[in-house]
Every structure is written in C-alpha cells, then in structure tokens.
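Student: Contents of structure.cif (mmCIF, C-alpha atoms, pLDDT in the B column; chains and numbers go by the auth columns) are below:
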data_query
#
loop_
_atom_site.group_PDB
_atom_site.id
_atom_site.type_symbol
_atom_site.label_atom_id
_atom_site.label_comp_id
_atom_site.label_asym_id
_atom_site.label_seq_id
_atom_site.Cartn_x
_atom_site.Cartn_y
_atom_site.Cartn_z
_atom_site.B_iso_or_equiv
_atom_site.auth_seq_id
_atom_site.auth_asym_id
ATOM 1 C CA MET A 1 93.824 53.688 135.296 60.00 1 A
ATOM 2 C CA ASP A 2 90.755 51.663 134.346 77.00 2 A
ATOM 3 C CA TYR A 3 90.423 50.031 137.760 82.00 3 A
ATOM 4 C CA PRO A 4 89.777 51.845 141.040 91.00 4 A
ATOM 5 C CA ILE A 5 92.275 51.126 143.781 93.00 5 A
ATOM 6 C CA PRO A 6 90.707 48.537 146.097 96.00 6 A
ATOM 7 C CA THR A 7 90.114 49.645 149.663 96.00 7 A
ATOM 8 C CA SER A 8 89.235 46.266 151.183 96.00 8 A
ATOM 9 C CA SER A 9 90.314 42.662 150.950 94.00 9 A
ATOM 10 C CA GLN A 10 86.985 41.775 149.365 96.00 10 A
ATOM 11 C CA GLU A 11 87.527 44.335 146.597 95.00 11 A
ATOM 12 C CA ILE A 12 90.920 42.756 145.898 94.00 12 A
ATOM 13 C CA VAL A 13 89.322 39.314 145.729 94.00 13 A
ATOM 14 C CA ASN A 14 86.696 40.711 143.351 94.00 14 A
ATOM 15 C CA LEU A 15 89.467 41.724 140.941 92.00 15 A
ATOM 16 C CA ARG A 16 89.797 38.029 140.103 92.00 16 A
ATOM 17 C CA GLN A 17 86.711 38.462 137.938 93.00 17 A
ATOM 18 C CA GLN A 18 88.601 40.827 135.614 91.00 18 A
ATOM 19 C CA PRO A 19 90.987 39.910 132.812 92.00 19 A
ATOM 20 C CA VAL A 20 94.570 40.216 134.017 92.00 20 A
ATOM 21 C CA ASP A 21 96.576 43.091 132.604 94.00 21 A
ATOM 22 C CA GLU A 22 99.172 45.566 133.835 94.00 22 A
ATOM 23 C CA GLU A 23 96.589 48.022 135.134 94.00 23 A
ATOM 24 C CA LEU A 24 94.763 45.378 137.132 95.00 24 A
ATOM 25 C CA ILE A 25 98.026 44.252 138.729 94.00 25 A
ATOM 26 C CA ALA A 26 98.972 47.857 139.518 95.00 26 A
ATOM 27 C CA ALA A 27 95.550 48.455 141.098 95.00 27 A
ATOM 28 C CA ALA A 28 95.862 45.289 143.181 96.00 28 A
ATOM 29 C CA ILE A 29 99.337 46.227 144.420 96.00 29 A
ATOM 30 C CA ALA A 30 98.201 49.768 145.249 96.00 30 A
ATOM 31 C CA GLY A 31 95.219 48.311 147.105 97.00 31 A
ATOM 32 C CA VAL A 32 97.366 45.924 149.123 96.00 32 A
ATOM 33 C CA VAL A 33 99.700 48.774 150.073 97.00 33 A
ATOM 34 C CA GLY A 34 96.787 51.014 151.077 96.00 34 A
ATOM 35 C CA ILE A 35 95.104 48.312 153.125 97.00 35 A
ATOM 36 C CA ALA A 36 98.359 47.407 154.892 97.00 36 A
ATOM 37 C CA ARG A 37 98.936 51.064 155.775 97.00 37 A
ATOM 38 C CA SER A 38 95.368 51.447 157.068 96.00 38 A
ATOM 39 C CA GLN A 39 95.973 48.449 159.334 96.00 39 A
ATOM 40 C CA GLY A 40 99.106 50.075 160.750 97.00 40 A
ATOM 41 C CA ARG A 41 101.418 47.566 159.135 97.00 41 A
ATOM 42 C CA SER A 42 104.898 48.525 157.998 98.00 42 A
ATOM 43 C CA LEU A 43 106.602 48.064 154.662 98.00 43 A
ATOM 44 C CA GLU A 44 108.798 45.472 156.352 97.00 44 A
ATOM 45 C CA ASP A 45 105.690 43.536 157.461 97.00 45 A
ATOM 46 C CA LEU A 46 104.287 43.577 153.949 96.00 46 A
ATOM 47 C CA THR A 47 107.492 42.585 152.160 96.00 47 A
ATOM 48 C CA ALA A 48 108.078 39.793 154.688 96.00 48 A
ATOM 49 C CA GLU A 49 104.621 38.443 153.879 93.00 49 A
ATOM 50 C CA VAL A 50 105.306 38.601 150.134 92.00 50 A
ATOM 51 C CA LEU A 51 108.631 36.829 150.560 94.00 51 A
ATOM 52 C CA ALA A 52 107.161 34.130 152.806 94.00 52 A
ATOM 53 C CA ASP A 53 104.230 33.181 150.543 88.00 53 A
ATOM 54 C CA GLU A 54 105.549 30.205 148.576 87.00 54 A
ATOM 55 C CA GLY A 55 102.136 29.163 147.257 87.00 55 A
ATOM 56 C CA ILE A 56 102.299 30.680 143.783 87.00 56 A
ATOM 57 C CA LEU A 57 105.584 32.405 143.008 92.00 57 A
ATOM 58 C CA ASP A 58 109.111 31.056 143.150 93.00 58 A
ATOM 59 C CA ARG A 59 111.754 32.825 145.239 94.00 59 A
ATOM 60 C CA ASP A 60 113.067 35.031 142.427 95.00 60 A
ATOM 61 C CA MET A 61 109.576 36.209 141.527 95.00 61 A
ATOM 62 C CA ARG A 62 108.776 36.895 145.201 95.00 62 A
ATOM 63 C CA LEU A 63 111.943 39.017 145.457 96.00 63 A
ATOM 64 C CA TRP A 64 110.944 40.899 142.323 96.00 64 A
ATOM 65 C CA LEU A 65 107.406 41.411 143.650 96.00 65 A
ATOM 66 C CA SER A 66 108.677 42.602 147.030 96.00 66 A
ATOM 67 C CA ASP A 67 110.740 45.244 145.190 97.00 67 A
ATOM 68 C CA ILE A 68 107.648 46.354 143.269 97.00 68 A
ATOM 69 C CA VAL A 69 105.637 46.525 146.508 97.00 69 A
ATOM 70 C CA ALA A 70 108.387 48.647 148.102 97.00 70 A
ATOM 71 C CA GLN A 71 108.376 50.998 145.100 97.00 71 A
ATOM 72 C CA ALA A 72 104.596 51.317 145.348 97.00 72 A
ATOM 73 C CA TRP A 73 104.825 51.935 149.103 97.00 73 A
ATOM 74 C CA ASN A 74 107.312 54.740 148.540 97.00 74 A
ATOM 75 C CA SER A 75 105.427 56.245 145.581 96.00 75 A
ATOM 76 C CA LEU A 76 101.840 56.267 146.803 93.00 76 A
ATOM 77 C CA PRO A 77 100.559 59.090 148.995 87.00 77 A
#
Produce structure tokens that represent the structure in this file.
Tutor:
Amino acid sequence: MDYPIPTSSQEIVNLRQQPVDEELIAAAIAGVVGIARSQGRSLEDLTAEVLADEGILDRDMRLWLSDIVAQAWNSLP
C-alpha cells in the first residue's frame, strides 16, 4: 500500500490532499477502524455512525460502506 494507515483524525483529514484512488480509500477505512478501536468503540458504534451520516452518501451507499467497514474490522489485526 502506498499510503500509511492513519493513526489520528488529523492524519485522516490530511489524506484529502492526496488524489483519490482505491489505496487511499482502503488506508482511510483502515485508519477509521483503528482509531475507533483505540477509543474503545465497537463495530456496532462505527457502523451506526456510517449509516447515520446522510451528508454525502445516499442510503444504499451508506449500507455498502458499512459492510466494507465491517469487513475491515474483521480483517485487520
């Protein structure tokens, strides 16, 4: 992967400076999962947040993204 996995919210925000590609999205998702875990949050907390955020994605895309987040949660150490 060309991008390191972010370990803070600021590092995730800084990813906005990069061109968007699959690896950047994967790094961002992995970072969000890692940060949520470090804060003691559960997968249910994180997927609920994804599903509730109506600002950018429509409902179908939020469902799809919540599935991807769950896969990342279950795959990452």
Student: Of the residues A:Ile68, A:Leu43, A:Ile35, A:Val20, which is the one nearest to Ile5 (chain A), using only C-alpha atoms?
Tutor: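 Of all the options, A:Ile35 lies closest to Ile5 (chain A).
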Student: Please expand the PyMOL selection byres ((chain A and resi 28) around 12) into the concrete residues it hits in this file, giving the result as an MDAnalysis selection string.
Tutor: chainID A and resid 1 3:16 18 20:27 29:35 68:69 72
Student: Could you tell me how far CA of Ser66 (chain A) sits from CA of Arg41 (chain A), in Å to one decimal place?
Tutor: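 CA of Ser66 (chain A) lies at a distance of 15.0 Å from CA of Arg41 (chain A).
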Student: Which residues, named as in the file, does the PyMOL selection byres ((chain A and resi 50) around 12) pick out? Answer as a PyMOL selection string.
Tutor: chain A and resi 29+32-33+43-49+51-70
Student: The selected residues should be written to file as an mmCIF file, in the frame of the given file (atoms: C-alpha atoms).
Tutor:
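again_11.cif was written with the following content:
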data_model
loop_
_atom_site.group_PDB
_atom_site.id
_atom_site.type_symbol
_atom_site.label_atom_id
_atom_site.label_comp_id
_atom_site.auth_asym_id
_atom_site.auth_seq_id
_atom_site.Cartn_x
_atom_site.Cartn_y
_atom_site.Cartn_z
ATOM 1 C CA ILE A 29 99.337 46.227 144.420
ATOM 2 C CA VAL A 32 97.366 45.924 149.123
ATOM 3 C CA VAL A 33 99.700 48.774 150.073
ATOM 4 C CA LEU A 43 106.602 48.064 154.662
ATOM 5 C CA GLU A 44 108.798 45.472 156.352
ATOM 6 C CA ASP A 45 105.690 43.536 157.461
ATOM 7 C CA LEU A 46 104.287 43.577 153.949
ATOM 8 C CA THR A 47 107.492 42.585 152.160
ATOM 9 C CA ALA A 48 108.078 39.793 154.688
ATOM 10 C CA GLU A 49 104.621 38.443 153.879
ATOM 11 C CA LEU A 51 108.631 36.829 150.560
ATOM 12 C CA ALA A 52 107.161 34.130 152.806
ATOM 13 C CA ASP A 53 104.230 33.181 150.543
ATOM 14 C CA GLU A 54 105.549 30.205 148.576
ATOM 15 C CA GLY A 55 102.136 29.163 147.257
ATOM 16 C CA ILE A 56 102.299 30.680 143.783
ATOM 17 C CA LEU A 57 105.584 32.405 143.008
ATOM 18 C CA ASP A 58 109.111 31.056 143.150
ATOM 19 C CA ARG A 59 111.754 32.825 145.239
ATOM 20 C CA ASP A 60 113.067 35.031 142.427
ATOM 21 C CA MET A 61 109.576 36.209 141.527
ATOM 22 C CA ARG A 62 108.776 36.895 145.201
ATOM 23 C CA LEU A 63 111.943 39.017 145.457
ATOM 24 C CA TRP A 64 110.944 40.899 142.323
ATOM 25 C CA LEU A 65 107.406 41.411 143.650
ATOM 26 C CA SER A 66 108.677 42.602 147.030
ATOM 27 C CA ASP A 67 110.740 45.244 145.190
ATOM 28 C CA ILE A 68 107.648 46.354 143.269
ATOM 29 C CA VAL A 69 105.637 46.525 146.508
ATOM 30 C CA ALA A 70 108.387 48.647 148.102
#
Student: Missing atoms in region 46-76 of chain A should be modelled up to N, CA and C atoms and reported as an mmCIF file, in the coordinates of the input.
Tutor:
data_model
loop_
_atom_site.group_PDB
_atom_site.id
_atom_site.type_symbol
_atom_site.label_atom_id
_atom_site.label_comp_id
_atom_site.auth_asym_id
_atom_site.auth_seq_id
_atom_site.Cartn_x
_atom_site.Cartn_y
_atom_site.Cartn_z
ATOM 1 N N LEU A 46 104.875 43.941 155.233
ATOM 2 C CA LEU A 46 104.287 43.577 153.949
ATOM 3 C C LEU A 46 105.281 42.819 153.075
ATOM 4 N N THR A 47 106.513 43.290 152.993
ATOM 5 C CA THR A 47 107.492 42.585 152.160
ATOM 6 C C THR A 47 107.830 41.213 152.754
ATOM 7 N N ALA A 48 107.841 41.101 154.062
ATOM 8 C CA ALA A 48 108.078 39.793 154.688
ATOM 9 C C ALA A 48 106.965 38.818 154.306
ATOM 10 N N GLU A 49 105.743 39.301 154.266
ATOM 11 C CA GLU A 49 104.621 38.443 153.879
ATOM 12 C C GLU A 49 104.750 38.003 152.424
ATOM 13 N N VAL A 50 105.122 38.940 151.552
ATOM 14 C CA VAL A 50 105.306 38.601 150.134
ATOM 15 C C VAL A 50 106.410 37.546 149.988
ATOM 16 N N LEU A 51 107.501 37.752 150.684
ATOM 17 C CA LEU A 51 108.631 36.829 150.560
ATOM 18 C C LEU A 51 108.332 35.456 151.151
ATOM 19 N N ALA A 52 107.467 35.396 152.142
ATOM 20 C CA ALA A 52 107.161 34.130 152.806
ATOM 21 C C ALA A 52 106.142 33.279 152.056
ATOM 22 N N ASP A 53 105.318 33.900 151.213
ATOM 23 C CA ASP A 53 104.230 33.181 150.543
ATOM 24 C C ASP A 53 104.775 32.376 149.367
ATOM 25 N N GLU A 54 104.979 31.085 149.595
ATOM 26 C CA GLU A 54 105.549 30.205 148.576
ATOM 27 C C GLU A 54 104.491 29.522 147.723
ATOM 28 N N GLY A 55 103.223 29.872 147.920
ATOM 29 C CA GLY A 55 102.136 29.163 147.257
ATOM 30 C C GLY A 55 102.075 29.315 145.754
ATOM 31 N N ILE A 56 102.464 30.455 145.216
ATOM 32 C CA ILE A 56 102.299 30.680 143.783
ATOM 33 C C ILE A 56 103.617 31.006 143.089
ATOM 34 N N LEU A 57 104.383 31.918 143.665
ATOM 35 C CA LEU A 57 105.584 32.405 143.008
ATOM 36 C C LEU A 57 106.845 31.748 143.560
ATOM 37 N N ASP A 58 107.824 31.565 142.676
ATOM 38 C CA ASP A 58 109.111 31.056 143.150
ATOM 39 C C ASP A 58 109.872 32.186 143.842
ATOM 40 N N ARG A 59 110.991 31.857 144.440
ATOM 41 C CA ARG A 59 111.754 32.825 145.239
ATOM 42 C C ARG A 59 112.155 34.062 144.447
ATOM 43 N N ASP A 60 112.647 33.884 143.236
ATOM 44 C CA ASP A 60 113.067 35.031 142.427
ATOM 45 C C ASP A 60 111.893 35.961 142.119
ATOM 46 N N MET A 61 110.756 35.391 141.812
ATOM 47 C CA MET A 61 109.576 36.209 141.527
ATOM 48 C C MET A 61 109.077 36.921 142.785
ATOM 49 N N ARG A 62 109.166 36.251 143.948
ATOM 50 C CA ARG A 62 108.776 36.895 145.201
ATOM 51 C C ARG A 62 109.702 38.061 145.524
ATOM 52 N N LEU A 63 111.002 37.908 145.261
ATOM 53 C CA LEU A 63 111.943 39.017 145.457
ATOM 54 C C LEU A 63 111.596 40.189 144.540
ATOM 55 N N TRP A 64 111.322 39.874 143.292
ATOM 56 C CA TRP A 64 110.944 40.899 142.323
ATOM 57 C C TRP A 64 109.663 41.609 142.780
ATOM 58 N N LEU A 65 108.666 40.827 143.200
ATOM 59 C CA LEU A 65 107.406 41.411 143.650
ATOM 60 C C LEU A 65 107.601 42.254 144.908
ATOM 61 N N SER A 66 108.442 41.808 145.817
ATOM 62 C CA SER A 66 108.677 42.602 147.030
ATOM 63 C C SER A 66 109.315 43.940 146.678
ATOM 64 N N ASP A 67 110.168 43.969 145.657
ATOM 65 C CA ASP A 67 110.740 45.244 145.190
ATOM 66 C C ASP A 67 109.656 46.144 144.611
ATOM 67 N N ILE A 68 108.748 45.574 143.854
ATOM 68 C CA ILE A 68 107.648 46.354 143.269
ATOM 69 C C ILE A 68 106.752 46.896 144.374
ATOM 70 N N VAL A 69 106.458 46.087 145.370
ATOM 71 C CA VAL A 69 105.637 46.525 146.508
ATOM 72 C C VAL A 69 106.332 47.672 147.239
ATOM 73 N N ALA A 70 107.632 47.573 147.436
ATOM 74 C CA ALA A 70 108.387 48.647 148.102
ATOM 75 C C ALA A 70 108.345 49.932 147.277
ATOM 76 N N GLN A 71 108.468 49.815 145.964
ATOM 77 C CA GLN A 71 108.376 50.998 145.100
ATOM 78 C C GLN A 71 106.989 51.635 145.215
ATOM 79 N N ALA A 72 105.954 50.794 145.215
ATOM 80 C CA ALA A 72 104.596 51.317 145.348
ATOM 81 C C ALA A 72 104.415 51.991 146.701
ATOM 82 N N TRP A 73 104.928 51.377 147.751
ATOM 83 C CA TRP A 73 104.825 51.935 149.103
ATOM 84 C C TRP A 73 105.437 53.335 149.153
ATOM 85 N N ASN A 74 106.597 53.475 148.519
ATOM 86 C CA ASN A 74 107.312 54.740 148.540
ATOM 87 C C ASN A 74 106.740 55.776 147.575
ATOM 88 N N SER A 75 105.976 55.336 146.584
ATOM 89 C CA SER A 75 105.427 56.245 145.581
ATOM 90 C C SER A 75 104.021 56.734 145.881
ATOM 91 N N LEU A 76 103.242 55.907 146.560
ATOM 92 C CA LEU A 76 101.840 56.267 146.803
ATOM 93 C C LEU A 76 101.721 57.228 147.980
#
